[in-house]
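Data block for work.tsv (TSV, C-alpha atoms and all ligand atoms):
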```
chain	number	residue	atom	x	y	z
A	1	MET	CA	19.15	9.53	5.55
A	2	THR	CA	20.86	6.90	3.46
A	3	ASN	CA	18.23	4.19	3.21
A	4	THR	CA	15.88	4.32	0.29
A	5	VAL	CA	12.63	3.03	1.69
A	6	ILE	CA	10.85	3.69	-1.61
A	7	ARG	CA	11.80	5.62	-4.70
A	8	THR	CA	9.71	5.72	-7.84
A	9	GLU	CA	10.69	7.79	-10.86
A	10	GLN	CA	8.28	8.69	-13.63
A	11	LEU	CA	6.37	5.53	-12.89
A	12	ASN	CA	3.56	4.86	-15.35
A	13	LYS	CA	1.08	2.05	-15.76
A	14	VAL	CA	-1.45	2.19	-18.55
A	15	TYR	CA	-4.28	-0.32	-18.76
A	16	ARG	CA	-6.25	-0.73	-21.94
A	17	ILE	CA	-9.70	-2.16	-21.51
A	18	GLY	CA	-12.09	-3.16	-24.28
A	19	GLY	CA	-11.49	-4.28	-27.86
A	20	LEU	CA	-9.31	-2.94	-30.64
A	21	ILE	CA	-11.82	-0.43	-31.87
A	22	ARG	CA	-13.61	0.73	-28.77
A	23	HIS	CA	-11.18	0.75	-25.94
A	24	VAL	CA	-10.56	2.88	-22.94
A	25	GLN	CA	-7.15	3.76	-21.67
A	26	ILE	CA	-6.61	4.12	-17.97
A	27	ASN	CA	-3.43	5.72	-16.65
A	28	ALA	CA	-3.54	3.90	-13.35
A	29	LEU	CA	-0.12	5.36	-12.49
A	30	ASP	CA	0.73	8.62	-14.18
A	31	ASP	CA	4.27	9.88	-13.60
A	32	VAL	CA	4.41	8.86	-9.98
A	33	ASN	CA	7.53	10.24	-8.25
A	34	LEU	CA	7.57	9.15	-4.65
A	35	THR	CA	10.72	9.16	-2.54
A	36	VAL	CA	10.93	8.18	1.10
A	37	MET	CA	14.38	8.07	2.67
A	38	SER	CA	14.88	7.03	6.27
A	39	ASP	CA	17.42	5.25	8.41
A	40	GLU	CA	14.72	4.30	10.87
A	41	PRO	CA	11.83	2.02	9.96
A	42	VAL	CA	8.80	4.03	8.81
A	43	ILE	CA	5.16	3.49	8.05
A	44	VAL	CA	4.17	5.16	4.81
A	45	SER	CA	0.46	5.35	4.14
A	46	LEU	CA	-0.99	5.52	0.68
A	47	VAL	CA	-4.51	6.89	0.75
A	48	GLY	CA	-7.09	7.87	-1.83
A	49	GLU	CA	-10.47	6.83	-3.14
A	50	SER	CA	-11.01	3.56	-4.89
A	51	GLY	CA	-9.49	3.70	-8.38
A	52	SER	CA	-6.66	6.07	-7.51
A	53	GLY	CA	-3.95	3.53	-8.36
A	54	LYS	CA	-2.92	2.37	-4.87
A	55	THR	CA	-3.11	-1.36	-5.60
A	56	THR	CA	-1.36	-0.86	-8.93
A	57	LEU	CA	1.55	0.82	-7.14
A	58	ALA	CA	1.64	-1.97	-4.54
A	59	LYS	CA	1.70	-4.60	-7.29
A	60	VAL	CA	4.57	-2.88	-9.09
A	61	ILE	CA	6.55	-2.80	-5.84
A	62	LEU	CA	5.79	-6.47	-5.20
A	63	ARG	CA	6.82	-7.23	-8.79
A	64	LEU	CA	3.43	-8.75	-9.50
A	65	ILE	CA	3.01	-6.46	-12.52
A	66	GLU	CA	5.37	-4.52	-14.73
A	67	PRO	CA	4.87	-0.81	-15.18
A	68	THR	CA	4.51	0.66	-18.67
A	69	SER	CA	7.54	2.87	-18.00
A	70	GLY	CA	9.58	4.36	-15.21
A	71	SER	CA	11.53	2.82	-12.38
A	72	ALA	CA	11.06	1.87	-8.76
A	73	VAL	CA	13.41	0.90	-5.94
A	74	VAL	CA	12.57	-0.45	-2.49
A	75	TYR	CA	15.38	-0.94	0.01
A	76	ASP	CA	18.09	-1.25	-2.65
A	77	HIS	CA	16.05	-3.65	-4.74
A	78	LEU	CA	15.29	-2.45	-8.22
A	79	VAL	CA	11.70	-3.62	-8.67
A	80	ALA	CA	10.98	-1.93	-11.98
A	81	GLY	CA	12.95	-0.19	-14.70
A	82	PRO	CA	16.02	-0.64	-16.87
A	83	GLY	CA	18.46	-3.23	-15.57
A	84	ILE	CA	15.79	-5.23	-13.77
A	85	LYS	CA	16.77	-8.80	-12.97
A	86	PRO	CA	14.61	-11.88	-12.44
A	87	VAL	CA	12.94	-12.12	-9.03
A	88	ARG	CA	15.49	-13.34	-6.51
A	89	GLN	CA	15.34	-14.84	-3.10
A	90	GLN	CA	16.92	-11.69	-1.59
A	91	PHE	CA	14.03	-9.65	-2.94
A	92	LEU	CA	11.45	-12.10	-1.61
A	93	SER	CA	12.92	-11.94	1.85
A	94	ALA	CA	13.18	-8.13	1.81
A	95	VAL	CA	9.71	-7.24	0.53
A	96	GLN	CA	6.69	-9.14	1.80
A	97	PRO	CA	2.98	-8.68	1.12
A	98	ILE	CA	-0.13	-8.76	3.26
A	99	PHE	CA	-3.33	-8.79	1.24
A	100	GLN	CA	-6.79	-7.43	1.84
A	101	ASN	CA	-8.61	-10.72	2.14
A	102	PRO	CA	-6.76	-13.29	4.24
A	103	PHE	CA	-9.18	-15.99	3.09
A	104	GLU	CA	-7.91	-15.49	-0.46
A	105	ALA	CA	-4.29	-15.43	0.62
A	106	PHE	CA	-4.49	-19.01	1.94
A	107	SER	CA	-5.88	-21.99	0.08
A	108	SER	CA	-8.90	-23.39	1.90
A	109	TYR	CA	-7.64	-26.95	1.29
A	110	ARG	CA	-4.38	-26.70	3.20
A	111	PRO	CA	-3.65	-26.10	6.84
A	112	VAL	CA	-2.23	-22.62	7.25
A	113	ASP	CA	0.93	-23.78	9.00
A	114	ALA	CA	1.96	-25.46	5.73
A	115	TYR	CA	2.40	-21.92	4.33
A	116	LEU	CA	4.38	-20.83	7.33
A	117	ARG	CA	6.75	-23.76	6.89
A	118	LEU	CA	7.03	-23.15	3.16
A	119	THR	CA	7.95	-19.52	3.81
A	120	ALA	CA	10.55	-20.49	6.43
A	121	ARG	CA	12.12	-23.06	4.12
A	122	ARG	CA	11.89	-21.47	0.68
A	123	ILE	CA	12.16	-17.78	1.40
A	124	ARG	CA	14.20	-17.57	4.57
A	125	GLN	CA	15.98	-20.86	3.75
A	126	LEU	CA	15.90	-22.23	7.26
A	127	ASP	CA	16.24	-25.89	8.10
A	128	ARG	CA	13.44	-27.72	9.88
A	129	ASP	CA	14.28	-26.85	13.47
A	130	GLU	CA	15.21	-23.26	12.75
A	131	GLY	CA	12.02	-22.96	10.74
A	132	GLU	CA	9.86	-24.23	13.60
A	133	ASN	CA	11.47	-21.70	15.94
A	134	ALA	CA	11.01	-18.85	13.48
A	135	ILE	CA	7.34	-19.78	13.04
A	136	LYS	CA	6.79	-19.96	16.78
A	137	GLU	CA	8.41	-16.56	17.25
A	138	ALA	CA	6.49	-14.94	14.39
A	139	LEU	CA	3.19	-16.29	15.69
A	140	ALA	CA	4.03	-15.11	19.19
A	141	SER	CA	4.68	-11.60	17.93
A	142	VAL	CA	1.16	-11.47	16.50
A	143	GLY	CA	-0.31	-12.89	19.70
A	144	LEU	CA	-0.91	-16.46	18.56
A	145	LYS	CA	0.35	-19.80	19.84
A	146	TYR	CA	1.71	-22.38	17.45
A	147	GLU	CA	-0.43	-25.05	19.15
A	148	ASP	CA	-3.55	-23.05	18.34
A	149	VAL	CA	-2.64	-22.74	14.66
A	150	ARG	CA	-1.09	-26.10	13.81
A	151	GLY	CA	-3.20	-28.28	11.51
A	152	LYS	CA	-5.99	-25.73	11.19
A	153	TYR	CA	-7.59	-24.71	7.93
A	154	PRO	CA	-8.43	-21.09	7.04
A	155	ASN	CA	-12.15	-21.53	7.73
A	156	GLN	CA	-11.37	-22.44	11.33
A	157	PHE	CA	-10.18	-18.88	11.96
A	158	SER	CA	-11.99	-15.57	12.15
A	159	GLY	CA	-10.95	-12.92	9.60
A	160	GLY	CA	-8.99	-11.05	12.25
A	161	GLU	CA	-7.15	-14.17	13.42
A	162	LEU	CA	-6.35	-15.26	9.90
A	163	GLN	CA	-5.01	-11.80	9.08
A	164	ARG	CA	-2.72	-12.19	12.08
A	165	VAL	CA	-1.50	-15.45	10.61
A	166	SER	CA	-0.76	-13.63	7.33
A	167	VAL	CA	1.15	-10.99	9.26
A	168	ALA	CA	3.12	-13.75	10.99
A	169	ARG	CA	3.85	-15.36	7.62
A	170	ALA	CA	5.10	-12.05	6.26
A	171	LEU	CA	7.39	-11.67	9.29
A	172	ILE	CA	9.16	-15.01	8.94
A	173	PRO	CA	11.56	-13.80	6.20
A	174	ARG	CA	12.46	-10.75	8.36
A	175	PRO	CA	11.56	-8.30	5.61
A	176	ASP	CA	12.78	-4.71	5.37
A	177	ILE	CA	9.31	-3.67	4.32
A	178	ILE	CA	5.81	-5.13	4.35
A	179	ILE	CA	3.40	-4.00	1.67
A	180	ALA	CA	-0.07	-4.16	3.21
A	181	ASP	CA	-2.89	-3.43	0.76
A	182	GLU	CA	-6.07	-2.58	2.68
A	183	PRO	CA	-5.16	-5.11	5.36
A	184	VAL	CA	-7.97	-4.20	7.74
A	185	SER	CA	-10.84	-3.43	5.40
A	186	MET	CA	-12.26	-6.97	5.54
A	187	ILE	CA	-11.84	-7.21	9.28
A	188	ASP	CA	-14.52	-6.52	11.80
A	189	ALA	CA	-14.33	-2.83	12.76
A	190	SER	CA	-13.81	-3.62	16.43
A	191	LEU	CA	-10.66	-5.61	15.65
A	192	ARG	CA	-9.03	-3.19	13.22
A	193	MET	CA	-7.11	-1.27	15.83
A	194	ASN	CA	-5.55	-4.54	17.05
A	195	VAL	CA	-4.02	-5.20	13.65
A	196	VAL	CA	-2.94	-1.60	13.26
A	197	ASN	CA	-1.31	-1.63	16.70
A	198	LEU	CA	0.39	-4.83	15.69
A	199	PHE	CA	2.04	-2.99	12.79
A	200	LEU	CA	3.33	-0.38	15.19
A	201	SER	CA	4.83	-2.98	17.50
A	202	ILE	CA	6.36	-4.89	14.57
A	203	LYS	CA	7.94	-1.69	13.34
A	204	GLU	CA	9.61	-1.25	16.74
A	205	GLN	CA	10.44	-4.89	17.46
A	206	TYR	CA	11.64	-5.97	14.02
A	207	LYS	CA	12.60	-2.59	12.52
A	208	THR	CA	10.28	-3.35	9.63
A	209	SER	CA	8.86	-0.57	7.48
A	210	PHE	CA	5.36	-0.67	6.05
A	211	LEU	CA	3.64	0.62	2.98
A	212	TYR	CA	0.14	0.80	4.43
A	213	ILE	CA	-2.59	1.20	1.84
A	214	THR	CA	-5.91	2.27	3.18
A	215	HIS	CA	-9.19	4.09	2.83
A	216	ASP	CA	-9.20	4.70	6.50
A	217	LEU	CA	-7.77	8.09	7.35
A	218	ALA	CA	-8.12	7.44	11.07
A	219	THR	CA	-5.77	4.46	11.10
A	220	ALA	CA	-3.45	6.21	8.64
A	221	TYR	CA	-3.23	9.20	10.97
A	222	TYR	CA	-2.67	6.94	13.93
A	223	ILE	CA	0.20	4.87	12.59
A	224	SER	CA	1.93	6.63	9.72
A	225	ASP	CA	5.12	8.59	9.62
A	226	TYR	CA	4.52	9.70	6.04
A	227	ILE	CA	1.44	9.87	3.91
A	228	ALA	CA	0.95	10.05	0.16
A	229	VAL	CA	-2.47	11.04	-1.13
A	230	MET	CA	-3.36	9.74	-4.58
A	231	TYR	CA	-5.95	10.82	-7.09
A	232	ARG	CA	-6.52	9.13	-10.48
A	233	GLY	CA	-3.03	7.75	-10.79
A	234	THR	CA	-1.18	10.79	-9.51
A	235	ILE	CA	0.16	11.80	-6.14
A	236	VAL	CA	-1.43	15.07	-5.08
A	237	GLU	CA	0.20	15.56	-1.70
A	238	PHE	CA	3.02	13.85	0.17
A	239	GLY	CA	4.64	14.61	3.49
A	240	LYS	CA	4.79	13.90	7.19
A	241	ALA	CA	1.50	12.29	8.12
A	242	ARG	CA	0.61	14.59	10.96
A	243	ALA	CA	1.36	17.73	9.01
A	244	VAL	CA	-0.60	16.61	5.97
A	245	LEU	CA	-3.65	15.43	7.91
A	246	ARG	CA	-3.72	18.32	10.37
A	247	ASP	CA	-3.12	21.00	7.80
A	248	PRO	CA	-3.83	19.69	4.31
A	249	GLN	CA	-2.67	21.94	1.46
A	250	HIS	CA	-3.99	20.26	-1.65
A	251	PRO	CA	-7.69	20.93	-2.37
A	252	TYR	CA	-8.26	17.18	-2.80
A	253	THR	CA	-6.73	16.33	0.58
A	254	ARG	CA	-8.92	19.06	2.07
A	255	LEU	CA	-11.97	17.61	0.41
A	256	LEU	CA	-11.18	14.18	1.80
A	257	LEU	CA	-10.80	15.51	5.30
A	258	ASP	CA	-13.87	17.74	5.01
A	259	SER	CA	-16.00	14.87	3.83
A	260	ILE	CA	-15.52	13.36	7.26
A	261	PRO	CA	-16.32	15.50	10.28
A	262	GLU	CA	-13.34	14.18	12.21
A	263	VAL	CA	-10.33	12.15	11.22
A	264	LYS	CA	-12.11	9.30	12.92
A	265	LYS	CA	-14.37	7.98	10.24
A	266	LYS	CA	-13.59	6.16	7.11
A	267	TRP	CA	-14.79	7.65	3.88
A	268	GLU	CA	-17.13	5.70	1.69
A	269	GLN	CA	-15.52	3.28	-0.65
A	270	LYS	CA	-16.71	4.08	-4.14
A	271	GLN	CA	-17.45	0.67	-5.56
A	272	ILE	CA	-19.57	1.94	-8.42
A	273	ALA	CA	-18.12	1.92	-11.91
A	274	LEU	CA	-16.68	5.23	-12.96
A	275	SER	CA	-18.66	7.21	-15.47
A	276	ASP	CA	-17.13	8.12	-18.84
A	277	ILE	CA	-16.22	11.56	-17.63
A	278	GLU	CA	-14.37	10.10	-14.72
A	279	THR	CA	-12.42	7.60	-16.81
A	280	LYS	CA	-11.39	10.59	-18.94
A	281	GLU	CA	-9.82	12.13	-15.88
A	282	TYR	CA	-7.17	9.41	-15.92
A	283	ARG	CA	-5.95	10.78	-19.27
A	284	PHE	CA	-6.15	14.49	-18.44
A	285	ALA	CA	-2.96	16.22	-19.45
A	286	GLY	CA	-3.22	18.91	-16.79
A	287	CYS	CA	-4.42	18.44	-13.23
A	288	LYS	CA	-6.67	15.40	-12.87
A	289	PHE	CA	-8.60	16.99	-10.05
A	290	ARG	CA	-9.47	20.20	-11.92
A	291	ASN	CA	-13.11	19.33	-12.61
A	292	ARG	CA	-13.80	18.91	-8.93
A	293	CYS	CA	-11.50	21.65	-7.73
A	294	PRO	CA	-12.70	24.96	-6.27
A	295	LEU	CA	-9.39	26.66	-7.13
A	296	ALA	CA	-9.13	25.52	-10.76
A	297	GLN	CA	-7.99	28.04	-13.39
A	298	GLU	CA	-7.14	27.84	-17.06
A	299	VAL	CA	-3.57	26.65	-16.43
A	300	CYS	CA	-4.87	23.53	-14.64
A	301	SER	CA	-6.41	22.18	-17.83
A	302	HIS	CA	-3.17	22.01	-19.79
A	303	GLN	CA	-0.30	21.96	-17.33
A	304	ARG	CA	0.29	19.19	-14.84
A	305	PRO	CA	1.04	20.84	-11.51
A	306	PRO	CA	4.62	20.09	-10.45
A	307	ALA	CA	5.52	19.06	-6.92
A	308	VAL	CA	5.76	22.29	-4.98
A	309	LYS	CA	7.99	21.83	-1.98
A	310	GLN	CA	6.84	23.55	1.18
A	311	ALA	CA	8.81	24.72	4.20
A	312	ASP	CA	7.94	21.58	6.19
A	313	GLY	CA	9.29	19.35	3.42
A	314	ARG	CA	5.96	18.23	2.02
A	315	GLU	CA	5.19	18.16	-1.67
A	316	VAL	CA	1.94	19.58	-2.95
A	317	TYR	CA	1.00	19.08	-6.59
A	318	CYS	CA	-1.12	22.16	-7.11
A	319	HIS	CA	-0.68	25.43	-9.02
A	320	PHE	CA	-2.50	27.35	-6.31
A	321	ALA	CA	-1.86	25.64	-2.99
B	401	LIG	N1	-5.94	-5.41	-14.51
B	401	LIG	C1	-6.55	-4.26	-14.82
B	401	LIG	N2	-7.06	-4.06	-16.06
B	401	LIG	C2	-7.64	-2.90	-16.38
B	401	LIG	N3	-7.80	-1.85	-15.54
B	401	LIG	C3	-7.33	-1.99	-14.31
B	401	LIG	C4	-6.69	-3.21	-13.87
B	401	LIG	N4	-6.30	-3.05	-12.56
B	401	LIG	C5	-6.70	-1.81	-12.21
B	401	LIG	N5	-7.31	-1.18	-13.24
B	401	LIG	C6	-7.85	0.19	-13.22
B	401	LIG	O1	-6.81	1.06	-12.82
B	401	LIG	C7	-7.32	2.07	-11.96
B	401	LIG	C8	-6.58	2.02	-10.63
B	401	LIG	O2	-6.90	0.81	-9.98
B	401	LIG	P1	-6.28	0.35	-8.59
B	401	LIG	O3	-4.81	0.42	-8.67
B	401	LIG	O4	-6.88	-0.97	-8.25
B	401	LIG	O5	-6.80	1.48	-7.61
B	401	LIG	P2	-7.08	1.47	-6.02
B	401	LIG	O6	-6.32	0.34	-5.42
B	401	LIG	O7	-6.64	2.81	-5.56
B	401	LIG	O8	-8.55	1.30	-5.87
B	401	LIG	C9	-8.81	1.80	-11.82
B	401	LIG	O9	-9.51	2.61	-12.72
B	401	LIG	C10	-8.93	0.35	-12.19
B	401	LIG	O10	-10.19	0.10	-12.75
B	402	MG	MG	-6.96	-1.24	-4.21
```
The structure given in the file should be rewritten as structure tokens.
Amino acid sequence: MTNTVIRTEQLNKVYRIGGLIRHVQINALDDVNLTVMSDEPVIVSLVGESGSGKTTLAKVILRLIEPTSGSAVVYDHLVAGPGIKPVRQQFLSAVQPIFQNPFEAFSSYRPVDAYLRLTARRIRQLDRDEGENAIKEALASVGLKYEDVRGKYPNQFSGGELQRVSVARALIPRPDIIIADEPVSMIDASLRMNVVNLFLSIKEQYKTSFLYITHDLATAYYISDYIAVMYRGTIVEFGKARAVLRDPQHPYTRLLLDSIPEVKKKWEQKQIALSDIETKEYRFAGCKFRNRCPLAQEVCSHQRPPAVKQADGREVYCHFA
């Protein structure tokens, strides 16, 4: 295991919202230590309720935001931390994003193939003919024909089709890893499995890894090799996806799985604003889950549970798991 798919060390991101006098601090990432090593391509799922810090982690990895402290590496690219260099073309070709809403990822005033050509030229640095071939191939691997895409604007596609175009765009640079933040949540439920299956075939065909961020435990179970469960800016459980989802050890992972009768349904996205008590949880010194936890004891209120390594290699951040 020599390839570092992802490694974050003491990664922190603090947001301050509100004015100088009355402000709230949110530790959107709170000492996140996540390491995935693999010589084979892997799909790592990041799951957790809304507000757990998943998008913040994705944005740090994509270098869209800087963390408050700590470091992160993806496939040999230092993306945060001391010694960080300006964004380079090598990074752009190694780490590619797919966003939640494909209609926001493309401007509605330009035909989508303009983006594909731009990616081929600027990021993969192909000449015109090579670029056209790469685009054709990328579109074919997502089940689309160049003729059916050329000259079309985003509104001429369905959400599912346009998300396929974004997947094709992300493939053109031949990335080591694709960071997909809730890529199927805006897509019609009946088409989700198509996109998810597409990720599996891309992983095999192109040897591309994925960081797959989702609310949907069913698709996470179906495609992931590893899974990290987040709660209020911390990882609570990390390990092989099947092991974690079949036999969860952290009380929060258990709660998530219990709140759905089978691993087939998606849990409700909590869109409502967090109450004051909940925003306090982000700053808890001890375990952030303690107020909701059936196992909580005194120690949980002042001591952050360390990663307890289990026989199967998983890490469970709980004093009592
Ligand atoms: N730009 C921002 N400014 C202030 N707070 C933010 C910002 N982005 C995210 N947050 C807060 O950080 C926490 C984690 O958010 P996010 O990473 O989007 O979580 P998730 O993707 O798991 O829903 C949330 O409480 C969110 O409100
Ligand atoms: Mg998010």
Subject >> Contact residues around region 23-27 of chain A with all atoms listed in the file at 12 Å, ignoring same-chain residues under 5 positions, as a ChimeraX atom specification >> reply: /A:11-18,32,51-53,56-57,67-69,231-234,274-285,288
Counting all atoms listed in the file, which protein, DNA or RNA residues come within 9 Å of ligand MG 402 (chain B), given as an mmCIF file with C-alpha atoms, in the coordinates of the input?
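Result went into out_12.cif, see below:
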```cif
data_model
loop_
_atom_site.group_PDB
_atom_site.id
_atom_site.type_symbol
_atom_site.label_atom_id
_atom_site.label_comp_id
_atom_site.auth_asym_id
_atom_site.auth_seq_id
_atom_site.Cartn_x
_atom_site.Cartn_y
_atom_site.Cartn_z
ATOM 1 C CA GLU A 49 -10.470 6.830 -3.140
ATOM 2 C CA SER A 50 -11.010 3.560 -4.890
ATOM 3 C CA GLY A 51 -9.490 3.700 -8.380
ATOM 4 C CA SER A 52 -6.660 6.070 -7.510
ATOM 5 C CA GLY A 53 -3.950 3.530 -8.360
ATOM 6 C CA LYS A 54 -2.920 2.370 -4.870
ATOM 7 C CA THR A 55 -3.110 -1.360 -5.600
ATOM 8 C CA THR A 56 -1.360 -0.860 -8.930
ATOM 9 C CA ALA A 58 1.640 -1.970 -4.540
ATOM 10 C CA GLN A 100 -6.790 -7.430 1.840
ATOM 11 C CA ASP A 181 -2.890 -3.430 0.760
ATOM 12 C CA GLU A 182 -6.070 -2.580 2.680
ATOM 13 C CA ILE A 213 -2.590 1.200 1.840
ATOM 14 C CA THR A 214 -5.910 2.270 3.180
#
```
**OP:** Tell me, in Å to one decimal, how far CA of Val229 (chain A) is from CA of Leu46 (chain A).
**Re:** 6.0 Å
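Here CA of Arg254 (chain A) is placed at a distance of 17.0 Å from CA of Ala307 (chain A).
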**OP:** Please identify all polymer residues lying at most 7 Å from the point (2.0, 7.5, 1.8) (file coordinates), using all atoms listed in the file, and present the result as a PyMOL selection string.
**Re:** chain A and resi 44-47+226-229+238
Skipping near chain neighbours, those fewer than 2 positions away, what residues fall within 9 Å of Val167 (chain A) using all atoms listed in the file, listed as a CSV table (one decimal) with C-alpha atoms, in the frame of the given file?
```csv
chain,number,residue,atom,x,y,z
A,97,PRO,CA,3.0,-8.7,1.1
A,98,ILE,CA,-0.1,-8.8,3.3
A,138,ALA,CA,6.5,-14.9,14.4
A,139,LEU,CA,3.2,-16.3,15.7
A,142,VAL,CA,1.2,-11.5,16.5
A,162,LEU,CA,-6.4,-15.3,9.9
A,163,GLN,CA,-5.0,-11.8,9.1
A,164,ARG,CA,-2.7,-12.2,12.1
A,165,VAL,CA,-1.5,-15.4,10.6
A,169,ARG,CA,3.8,-15.4,7.6
A,170,ALA,CA,5.1,-12.0,6.3
A,171,LEU,CA,7.4,-11.7,9.3
A,172,ILE,CA,9.2,-15.0,8.9
A,178,ILE,CA,5.8,-5.1,4.4
A,195,VAL,CA,-4.0,-5.2,13.6
A,198,LEU,CA,0.4,-4.8,15.7
A,199,PHE,CA,2.0,-3.0,12.8
```
Subject >> Close residues, Glu132 (chain A) itself excluded, 10 Å, only C-alpha atoms, min 5 positions apart in chain, as a VMD selection string >> reply: chain A and resid 116 to 117 120 to 121 126 to 127 137 to 138 146
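The neighbours of Pro154 (chain A) here are the residues that come within 6 Å of it, using all atoms listed in the file and leaving out any residue fewer than 2 positions away in the same chain; they are A:Ser108, A:Gln156, A:Phe157.
Using all atoms listed in the file, the smallest distance between any of A:Ala321, A:Met230, A:Leu255, A:Val112 and ligand LIG 401 (chain B) comes from A:Met230.
Between CA of His250 (chain A) and CA of Cys287 (chain A) the interatomic distance comes to 11.7 Å.
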**OP:** Would you list the contacts of region 207-209 of chain A as a PyMOL selection string, taking every protein, DNA or RNA residue within 9 Å and counting only C-alpha atoms, but skipping same-chain residues closer than 6 positions in sequence?
**Re:** chain A and resi 5+40-44+171+174-179+199
Using all atoms listed in the file, what residues lie at most 10 Å away from (0.4, -1.8, 11.4) (file coordinates), given as a PDB file with C-alpha atoms, in the coordinates of the input?
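Saved the output as result-v8.pdb:
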```pdb
ATOM      1  CA  ILE A  43       5.160   3.490   8.050  1.00  0.00           C
ATOM      2  CA  VAL A 167       1.150 -10.990   9.260  1.00  0.00           C
ATOM      3  CA  ILE A 178       5.810  -5.130   4.350  1.00  0.00           C
ATOM      4  CA  ALA A 180      -0.070  -4.160   3.210  1.00  0.00           C
ATOM      5  CA  PRO A 183      -5.160  -5.110   5.360  1.00  0.00           C
ATOM      6  CA  VAL A 184      -7.970  -4.200   7.740  1.00  0.00           C
ATOM      7  CA  ARG A 192      -9.030  -3.190  13.220  1.00  0.00           C
ATOM      8  CA  MET A 193      -7.110  -1.270  15.830  1.00  0.00           C
ATOM      9  CA  ASN A 194      -5.550  -4.540  17.050  1.00  0.00           C
ATOM     10  CA  VAL A 195      -4.020  -5.200  13.650  1.00  0.00           C
ATOM     11  CA  VAL A 196      -2.940  -1.600  13.260  1.00  0.00           C
ATOM     12  CA  ASN A 197      -1.310  -1.630  16.700  1.00  0.00           C
ATOM     13  CA  LEU A 198       0.390  -4.830  15.690  1.00  0.00           C
ATOM     14  CA  PHE A 199       2.040  -2.990  12.790  1.00  0.00           C
ATOM     15  CA  LEU A 200       3.330  -0.380  15.190  1.00  0.00           C
ATOM     16  CA  SER A 201       4.830  -2.980  17.500  1.00  0.00           C
ATOM     17  CA  ILE A 202       6.360  -4.890  14.570  1.00  0.00           C
ATOM     18  CA  LYS A 203       7.940  -1.690  13.340  1.00  0.00           C
ATOM     19  CA  SER A 209       8.860  -0.570   7.480  1.00  0.00           C
ATOM     20  CA  PHE A 210       5.360  -0.670   6.050  1.00  0.00           C
ATOM     21  CA  LEU A 211       3.640   0.620   2.980  1.00  0.00           C
ATOM     22  CA  TYR A 212       0.140   0.800   4.430  1.00  0.00           C
ATOM     23  CA  THR A 219      -5.770   4.460  11.100  1.00  0.00           C
ATOM     24  CA  ALA A 220      -3.450   6.210   8.640  1.00  0.00           C
ATOM     25  CA  TYR A 222      -2.670   6.940  13.930  1.00  0.00           C
ATOM     26  CA  ILE A 223       0.200   4.870  12.590  1.00  0.00           C
ATOM     27  CA  SER A 224       1.930   6.630   9.720  1.00  0.00           C
TER      28      SER A 224
END
```
